[in-house]
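Trainee: Here you go, one structure.
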Amino acid sequence: MAKLSVNVDHIATVRQARLINEPDPVTAAALAELAGCQGIIVHLREDRRHIQDRDVEVLRKTITTKLNLEMAAVPEMVDIARRIRPDMSCLVPEKRQELTTEGGLDVAGNYKPIAEAVQRLQEAGIAVSLFVDADHDQIKASRDTGAEYIEIHTGHYADAKTLKEEDLRFDEIVKGIDYAVSRGLKVNVGHGLNYRNTQRLVPIKDIQEYSIGHSIIARAMLVGLDRAVREMLAIIHG
Ligand code: PXP
């Protein structure tokens with residue numbers, strides 16, 4: 001059965017709006033776990049706009065499921081991950097000006113630094129996932145780095161403005177997942193998934209894990225985190 005990992009970055013976004021210590025993403029992670037999610041994700045950005053180093057350190061000691069640390073493939077972040085030892089590191093592209101991650105990694109175009117990051121993380125016993133678009137060249141390059149997982153970027157599917165475009169993006173995801181699995185990769189999906197567009201992915205049996213943040217935290221503000229996580233689990237598990 002596919003797993004749900006909840007990204008709690010936006011709990012930290014609210015906290016950082018006042019630069020105080022609440023709400024705490026550590027508390028949110030515990031509540032999400034009690035509601036039944038199978039993993040917690042945080043993105044430690046180079047500009048520390050939401051998640052702080054302390055959050056990752058405390059989460060490593062407190063969470064009872066699986067910690068996935070999203071991060072740029074840069075030496076500073078690799079060193080932090082090797083010290084904190086999340087269960088998984090998901091390597092993502094990062095731009096200072098972006099509101100959120102805008103697309104997949106260009107693994108083919110930045111092969112050497114990414115492959116080095118993968119190797120250094122794996123040496124520390126950390127499973128590595130590469131966040132990529134559903135593009136065969138990027139998927140093949142991801143496999144060549146030695147990463148065991150990719151996370152297919154579902155943002156273009158989620159952002160589709162017409163049904164026709166959504167169909168196209170959905171087909172790309174299906175083909176990308178088939179190709180990745182045929183190359184021996186395990187596949188997660190994420191970005192822009194919500195209570196409307198996740199359902200369509202559920203029949204794709206090769207999806208190992210859904211990585212969902214914004215929609216769950218947005219719903220949690222209105223109905224509570226426990227209910228928001230349980231409602232998403234009900235979609236994924238049917
Ligand atoms: N996966 C990756 C690699 C991401 O960067 C993000 C956003 O932090 C997500 C999944 C979750 O996206 P969303 O917040 O839109 O659910």
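Numbering starts fresh at 1 for the residues of each chain in the structure tokens, the chains themselves are lettered A, B, ... in the order given, and ligands are numbered from 1 as they appear.
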At a cut-off of 9 Å and counting only C-alpha atoms and all ligand atoms, what residues surround ligand 1? Please answer as an MDAnalysis selection string.

Mentor: chainID A and resid 6:10 41:43 70:71 90:94 100:104 130:132 151:155 158 188:194 210:217

Trainee: Would you save the residues from that selection as an mmCIF file, in the first residue's frame, using C-alpha atoms?

Mentor:
```cif
data_model
loop_
_atom_site.group_PDB
_atom_site.id
_atom_site.type_symbol
_atom_site.label_atom_id
_atom_site.label_comp_id
_atom_site.auth_asym_id
_atom_site.auth_seq_id
_atom_site.Cartn_x
_atom_site.Cartn_y
_atom_site.Cartn_z
ATOM 1 C CA VAL A 6 3.497 14.858 5.318
ATOM 2 C CA ASN A 7 5.627 17.926 4.680
ATOM 3 C CA VAL A 8 5.370 20.255 7.712
ATOM 4 C CA ASP A 9 7.397 23.188 6.303
ATOM 5 C CA HIS A 10 4.437 25.544 6.426
ATOM 6 C CA ILE A 41 9.261 15.610 5.344
ATOM 7 C CA VAL A 42 11.028 18.903 5.907
ATOM 8 C CA HIS A 43 12.927 21.038 3.444
ATOM 9 C CA GLU A 70 14.568 17.662 1.323
ATOM 10 C CA MET A 71 17.657 19.637 0.403
ATOM 11 C CA CYS A 90 15.370 14.036 -1.379
ATOM 12 C CA LEU A 91 17.579 16.235 -3.537
ATOM 13 C CA VAL A 92 15.759 19.189 -5.079
ATOM 14 C CA PRO A 93 16.726 22.227 -7.153
ATOM 15 C CA GLU A 94 16.651 25.412 -5.135
ATOM 16 C CA THR A 100 8.303 26.843 -3.796
ATOM 17 C CA THR A 101 10.265 24.233 -5.748
ATOM 18 C CA GLU A 102 9.435 25.009 -9.379
ATOM 19 C CA GLY A 103 10.481 21.880 -11.230
ATOM 20 C CA GLY A 104 12.602 18.788 -11.165
ATOM 21 C CA LEU A 130 16.062 12.620 -6.748
ATOM 22 C CA PHE A 131 13.175 14.986 -7.476
ATOM 23 C CA VAL A 132 12.767 14.961 -11.259
ATOM 24 C CA GLU A 151 10.291 11.523 -6.727
ATOM 25 C CA ILE A 152 8.336 12.413 -9.835
ATOM 26 C CA HIS A 153 7.386 16.089 -9.895
ATOM 27 C CA THR A 154 3.594 16.263 -10.107
ATOM 28 C CA GLY A 155 3.452 20.072 -10.117
ATOM 29 C CA ALA A 158 -1.464 19.839 -10.523
ATOM 30 C CA ASN A 188 7.575 8.548 -4.991
ATOM 31 C CA VAL A 189 5.417 11.428 -6.206
ATOM 32 C CA GLY A 190 4.843 14.933 -4.972
ATOM 33 C CA HIS A 191 4.215 18.610 -5.416
ATOM 34 C CA GLY A 192 0.880 20.345 -5.745
ATOM 35 C CA LEU A 193 -1.116 17.256 -4.782
ATOM 36 C CA ASN A 194 -4.378 18.038 -3.013
ATOM 37 C CA TYR A 210 2.991 10.500 -1.742
ATOM 38 C CA SER A 211 4.801 13.589 -0.502
ATOM 39 C CA ILE A 212 2.201 16.213 0.369
ATOM 40 C CA GLY A 213 2.552 19.479 2.252
ATOM 41 C CA HIS A 214 0.672 22.618 1.326
ATOM 42 C CA SER A 215 -2.811 21.183 0.837
ATOM 43 C CA ILE A 216 -2.737 19.222 4.090
ATOM 44 C CA ILE A 217 -1.430 22.134 6.166
#
```

Trainee: Might you pull out every residue within 12 Å of Arg120 of chain A, with only C-alpha atoms counted and same-chain residues fewer than 5 positions away left off, and present them as a PDB file with N, CA, C and O atoms, in the first residue's frame?

Mentor:
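File produced: part-v9.pdb:
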```
ATOM      1  N   ALA A  73      21.446  19.869  -3.547  1.00  0.00           N
ATOM      2  CA  ALA A  73      22.609  18.962  -3.651  1.00  0.00           C
ATOM      3  C   ALA A  73      23.895  19.762  -3.527  1.00  0.00           C
ATOM      4  O   ALA A  73      24.699  19.812  -4.464  1.00  0.00           O
ATOM      5  N   VAL A  74      24.075  20.416  -2.392  1.00  0.00           N
ATOM      6  CA  VAL A  74      25.284  21.239  -2.176  1.00  0.00           C
ATOM      7  C   VAL A  74      26.034  20.695  -0.962  1.00  0.00           C
ATOM      8  O   VAL A  74      25.414  20.107  -0.055  1.00  0.00           O
ATOM      9  N   PRO A  75      27.361  20.911  -0.915  1.00  0.00           N
ATOM     10  CA  PRO A  75      28.150  20.307   0.159  1.00  0.00           C
ATOM     11  C   PRO A  75      27.665  20.670   1.566  1.00  0.00           C
ATOM     12  O   PRO A  75      27.633  19.816   2.449  1.00  0.00           O
ATOM     13  N   GLU A  76      27.231  21.928   1.777  1.00  0.00           N
ATOM     14  CA  GLU A  76      26.769  22.314   3.128  1.00  0.00           C
ATOM     15  C   GLU A  76      25.614  21.409   3.582  1.00  0.00           C
ATOM     16  O   GLU A  76      25.598  20.913   4.719  1.00  0.00           O
ATOM     17  N   MET A  77      24.652  21.192   2.696  1.00  0.00           N
ATOM     18  CA  MET A  77      23.481  20.388   3.061  1.00  0.00           C
ATOM     19  C   MET A  77      23.852  18.910   3.200  1.00  0.00           C
ATOM     20  O   MET A  77      23.335  18.210   4.070  1.00  0.00           O
ATOM     21  N   VAL A  78      24.740  18.453   2.328  1.00  0.00           N
ATOM     22  CA  VAL A  78      25.158  17.045   2.432  1.00  0.00           C
ATOM     23  C   VAL A  78      25.846  16.818   3.780  1.00  0.00           C
ATOM     24  O   VAL A  78      25.598  15.809   4.455  1.00  0.00           O
ATOM     25  N   ASP A  79      26.669  17.783   4.216  1.00  0.00           N
ATOM     26  CA  ASP A  79      27.344  17.642   5.513  1.00  0.00           C
ATOM     27  C   ASP A  79      26.328  17.598   6.647  1.00  0.00           C
ATOM     28  O   ASP A  79      26.443  16.796   7.574  1.00  0.00           O
ATOM     29  N   ILE A  80      25.300  18.464   6.562  1.00  0.00           N
ATOM     30  CA  ILE A  80      24.262  18.468   7.613  1.00  0.00           C
ATOM     31  C   ILE A  80      23.545  17.117   7.626  1.00  0.00           C
ATOM     32  O   ILE A  80      23.328  16.519   8.679  1.00  0.00           O
ATOM     33  N   ALA A  81      23.169  16.636   6.452  1.00  0.00           N
ATOM     34  CA  ALA A  81      22.453  15.350   6.392  1.00  0.00           C
ATOM     35  C   ALA A  81      23.320  14.224   6.941  1.00  0.00           C
ATOM     36  O   ALA A  81      22.833  13.357   7.685  1.00  0.00           O
ATOM     37  N   ARG A  82      24.595  14.226   6.591  1.00  0.00           N
ATOM     38  CA  ARG A  82      25.475  13.153   7.076  1.00  0.00           C
ATOM     39  C   ARG A  82      25.593  13.188   8.606  1.00  0.00           C
ATOM     40  O   ARG A  82      25.770  12.155   9.243  1.00  0.00           O
ATOM     41  N   ARG A  83      25.469  14.396   9.187  1.00  0.00           N
ATOM     42  CA  ARG A  83      25.528  14.504  10.657  1.00  0.00           C
ATOM     43  C   ARG A  83      24.200  14.061  11.288  1.00  0.00           C
ATOM     44  O   ARG A  83      24.180  13.294  12.235  1.00  0.00           O
ATOM     45  N   ARG A  85      21.571  12.402   9.819  1.00  0.00           N
ATOM     46  CA  ARG A  85      21.145  11.084   9.328  1.00  0.00           C
ATOM     47  C   ARG A  85      19.629  10.871   9.241  1.00  0.00           C
ATOM     48  O   ARG A  85      19.061  10.049   9.983  1.00  0.00           O
ATOM     49  N   SER A  89      17.142  11.340   2.028  1.00  0.00           N
ATOM     50  CA  SER A  89      17.328  12.718   1.560  1.00  0.00           C
ATOM     51  C   SER A  89      16.749  12.801   0.165  1.00  0.00           C
ATOM     52  O   SER A  89      17.071  11.975  -0.692  1.00  0.00           O
ATOM     53  N   PRO A 113      28.092  16.894  -9.748  1.00  0.00           N
ATOM     54  CA  PRO A 113      27.813  17.258  -8.344  1.00  0.00           C
ATOM     55  C   PRO A 113      26.664  16.461  -7.736  1.00  0.00           C
ATOM     56  O   PRO A 113      26.690  16.125  -6.542  1.00  0.00           O
ATOM     57  N   ILE A 114      25.680  16.126  -8.565  1.00  0.00           N
ATOM     58  CA  ILE A 114      24.549  15.372  -8.004  1.00  0.00           C
ATOM     59  C   ILE A 114      24.982  13.939  -7.683  1.00  0.00           C
ATOM     60  O   ILE A 114      24.683  13.416  -6.601  1.00  0.00           O
ATOM     61  N   ALA A 115      25.731  13.334  -8.589  1.00  0.00           N
ATOM     62  CA  ALA A 115      26.200  11.959  -8.325  1.00  0.00           C
ATOM     63  C   ALA A 115      27.105  11.926  -7.091  1.00  0.00           C
ATOM     64  O   ALA A 115      27.050  10.989  -6.289  1.00  0.00           O
ATOM     65  N   GLY A 125      24.682   5.982   4.959  1.00  0.00           N
ATOM     66  CA  GLY A 125      23.536   5.101   5.237  1.00  0.00           C
ATOM     67  C   GLY A 125      22.194   5.752   4.968  1.00  0.00           C
ATOM     68  O   GLY A 125      21.158   5.280   5.442  1.00  0.00           O
ATOM     69  N   ILE A 126      22.194   6.844   4.203  1.00  0.00           N
ATOM     70  CA  ILE A 126      20.945   7.571   3.932  1.00  0.00           C
ATOM     71  C   ILE A 126      20.421   7.162   2.549  1.00  0.00           C
ATOM     72  O   ILE A 126      21.175   7.197   1.562  1.00  0.00           O
ATOM     73  N   ALA A 127      19.153   6.768   2.472  1.00  0.00           N
ATOM     74  CA  ALA A 127      18.556   6.471   1.162  1.00  0.00           C
ATOM     75  C   ALA A 127      18.390   7.794   0.416  1.00  0.00           C
ATOM     76  O   ALA A 127      18.079   8.822   1.025  1.00  0.00           O
ATOM     77  N   VAL A 128      18.597   7.775  -0.896  1.00  0.00           N
ATOM     78  CA  VAL A 128      18.526   9.025  -1.658  1.00  0.00           C
ATOM     79  C   VAL A 128      17.447   8.955  -2.728  1.00  0.00           C
ATOM     80  O   VAL A 128      17.297   7.958  -3.431  1.00  0.00           O
ATOM     81  N   THR A 145      23.193   7.763 -11.338  1.00  0.00           N
ATOM     82  CA  THR A 145      23.876   8.281 -10.136  1.00  0.00           C
ATOM     83  C   THR A 145      23.957   7.224  -9.043  1.00  0.00           C
ATOM     84  O   THR A 145      24.703   7.380  -8.082  1.00  0.00           O
ATOM     85  N   GLY A 146      23.114   6.192  -9.130  1.00  0.00           N
ATOM     86  CA  GLY A 146      23.088   5.176  -8.079  1.00  0.00           C
ATOM     87  C   GLY A 146      21.979   5.413  -7.062  1.00  0.00           C
ATOM     88  O   GLY A 146      21.810   4.625  -6.122  1.00  0.00           O
ATOM     89  N   ALA A 147      21.205   6.493  -7.241  1.00  0.00           N
ATOM     90  CA  ALA A 147      20.074   6.741  -6.323  1.00  0.00           C
ATOM     91  C   ALA A 147      19.087   5.585  -6.435  1.00  0.00           C
ATOM     92  O   ALA A 147      18.881   5.037  -7.520  1.00  0.00           O
TER      93      ALA A 147
END
```

Trainee: Which residue is closest to Asp167 of chain A? Choose from A:Val56, A:Met88, A:Ile236, A:Leu201 and count only C-alpha atoms.

Mentor: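 Once distances to Asp167 of chain A are computed over only C-alpha atoms, the minimum belongs to A:Leu201.
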
Trainee: To one decimal place, how far is atom CA of Ile40 of chain A from atom CA of Ser5 of chain A in Å?

Mentor: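 So the answer is 5.2 Å.
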
Trainee: Using only C-alpha atoms, find the one residue out of A:Ala35, A:Asp206, A:Arg49, A:Arg183 that sits nearest to Glu98 of chain A.

Mentor: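 Looking at the shortest contact to Glu98 of chain A, the residue is A:Arg49.
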
Trainee: Taking the chain letters and numbering used in this document, name the residues of segment 86-210 of chain A that DSSP puts in strand (DSSP E or B), as an NGL selection string.

Mentor: :A and (88-91 or 127-132 or 149-153 or 186-190 or 207-210)

Trainee: Keeping only N, CA and C atoms, take the residues you just selected and write them out as an mmCIF file, in the first residue's frame.

Mentor:
```cif
data_model
loop_
_atom_site.group_PDB
_atom_site.id
_atom_site.type_symbol
_atom_site.label_atom_id
_atom_site.label_comp_id
_atom_site.auth_asym_id
_atom_site.auth_seq_id
_atom_site.Cartn_x
_atom_site.Cartn_y
_atom_site.Cartn_z
ATOM 1 N N MET A 88 15.891 9.353 4.722
ATOM 2 C CA MET A 88 16.025 9.602 3.284
ATOM 3 C C MET A 88 16.347 11.074 3.057
ATOM 4 N N SER A 89 17.142 11.340 2.028
ATOM 5 C CA SER A 89 17.328 12.718 1.560
ATOM 6 C C SER A 89 16.749 12.801 0.165
ATOM 7 N N CYS A 90 15.895 13.794 -0.035
ATOM 8 C CA CYS A 90 15.370 14.036 -1.379
ATOM 9 C C CYS A 90 16.062 15.281 -1.913
ATOM 10 N N LEU A 91 16.831 15.108 -2.975
ATOM 11 C CA LEU A 91 17.579 16.235 -3.537
ATOM 12 C C LEU A 91 16.688 17.009 -4.502
ATOM 13 N N ALA A 127 19.153 6.768 2.472
ATOM 14 C CA ALA A 127 18.556 6.471 1.162
ATOM 15 C C ALA A 127 18.390 7.794 0.416
ATOM 16 N N VAL A 128 18.597 7.775 -0.896
ATOM 17 C CA VAL A 128 18.526 9.025 -1.658
ATOM 18 C C VAL A 128 17.447 8.955 -2.728
ATOM 19 N N SER A 129 16.720 10.058 -2.800
ATOM 20 C CA SER A 129 15.699 10.208 -3.824
ATOM 21 C C SER A 129 15.997 11.482 -4.608
ATOM 22 N N LEU A 130 15.835 11.434 -5.921
ATOM 23 C CA LEU A 130 16.062 12.620 -6.748
ATOM 24 C C LEU A 130 14.715 13.117 -7.279
ATOM 25 N N PHE A 131 14.442 14.376 -7.046
ATOM 26 C CA PHE A 131 13.175 14.986 -7.476
ATOM 27 C C PHE A 131 13.306 15.398 -8.936
ATOM 28 N N VAL A 132 12.609 14.698 -9.825
ATOM 29 C CA VAL A 132 12.767 14.961 -11.259
ATOM 30 C C VAL A 132 11.412 15.031 -11.962
ATOM 31 N N TYR A 149 15.835 5.884 -5.403
ATOM 32 C CA TYR A 149 14.488 6.427 -5.572
ATOM 33 C C TYR A 149 14.518 7.655 -6.463
ATOM 34 N N ILE A 150 13.384 7.889 -7.134
ATOM 35 C CA ILE A 150 13.127 9.232 -7.649
ATOM 36 C C ILE A 150 11.790 9.677 -7.076
ATOM 37 N N GLU A 151 11.627 10.990 -7.011
ATOM 38 C CA GLU A 151 10.291 11.523 -6.727
ATOM 39 C C GLU A 151 9.862 12.258 -7.980
ATOM 40 N N ILE A 152 8.815 11.770 -8.613
ATOM 41 C CA ILE A 152 8.336 12.413 -9.835
ATOM 42 C C ILE A 152 7.589 13.694 -9.461
ATOM 43 N N HIS A 153 7.992 14.780 -10.126
ATOM 44 C CA HIS A 153 7.386 16.089 -9.895
ATOM 45 C C HIS A 153 5.980 16.109 -10.492
ATOM 46 N N LYS A 186 12.733 2.967 -7.477
ATOM 47 C CA LYS A 186 11.487 3.057 -6.716
ATOM 48 C C LYS A 186 10.981 4.489 -6.857
ATOM 49 N N VAL A 187 9.660 4.630 -6.895
ATOM 50 C CA VAL A 187 9.106 5.935 -7.282
ATOM 51 C C VAL A 187 8.160 6.511 -6.227
ATOM 52 N N ASN A 188 8.482 7.735 -5.804
ATOM 53 C CA ASN A 188 7.575 8.548 -4.991
ATOM 54 C C ASN A 188 7.014 9.645 -5.898
ATOM 55 N N VAL A 189 5.966 10.308 -5.432
ATOM 56 C CA VAL A 189 5.417 11.428 -6.206
ATOM 57 C C VAL A 189 5.135 12.587 -5.273
ATOM 58 N N GLY A 190 5.194 13.794 -5.810
ATOM 59 C CA GLY A 190 4.843 14.933 -4.972
ATOM 60 C C GLY A 190 4.944 16.255 -5.674
ATOM 61 N N ILE A 207 3.485 3.527 -7.361
ATOM 62 C CA ILE A 207 3.836 4.671 -6.500
ATOM 63 C C ILE A 207 4.061 4.152 -5.081
ATOM 64 N N GLN A 208 5.271 4.425 -4.585
ATOM 65 C CA GLN A 208 5.598 3.970 -3.221
ATOM 66 C C GLN A 208 5.073 4.947 -2.174
ATOM 67 N N GLU A 209 5.165 6.242 -2.508
ATOM 68 C CA GLU A 209 4.873 7.216 -1.462
ATOM 69 C C GLU A 209 4.404 8.539 -2.066
ATOM 70 N N TYR A 210 3.457 9.163 -1.394
ATOM 71 C CA TYR A 210 2.991 10.500 -1.742
ATOM 72 C C TYR A 210 3.617 11.488 -0.776
#
```
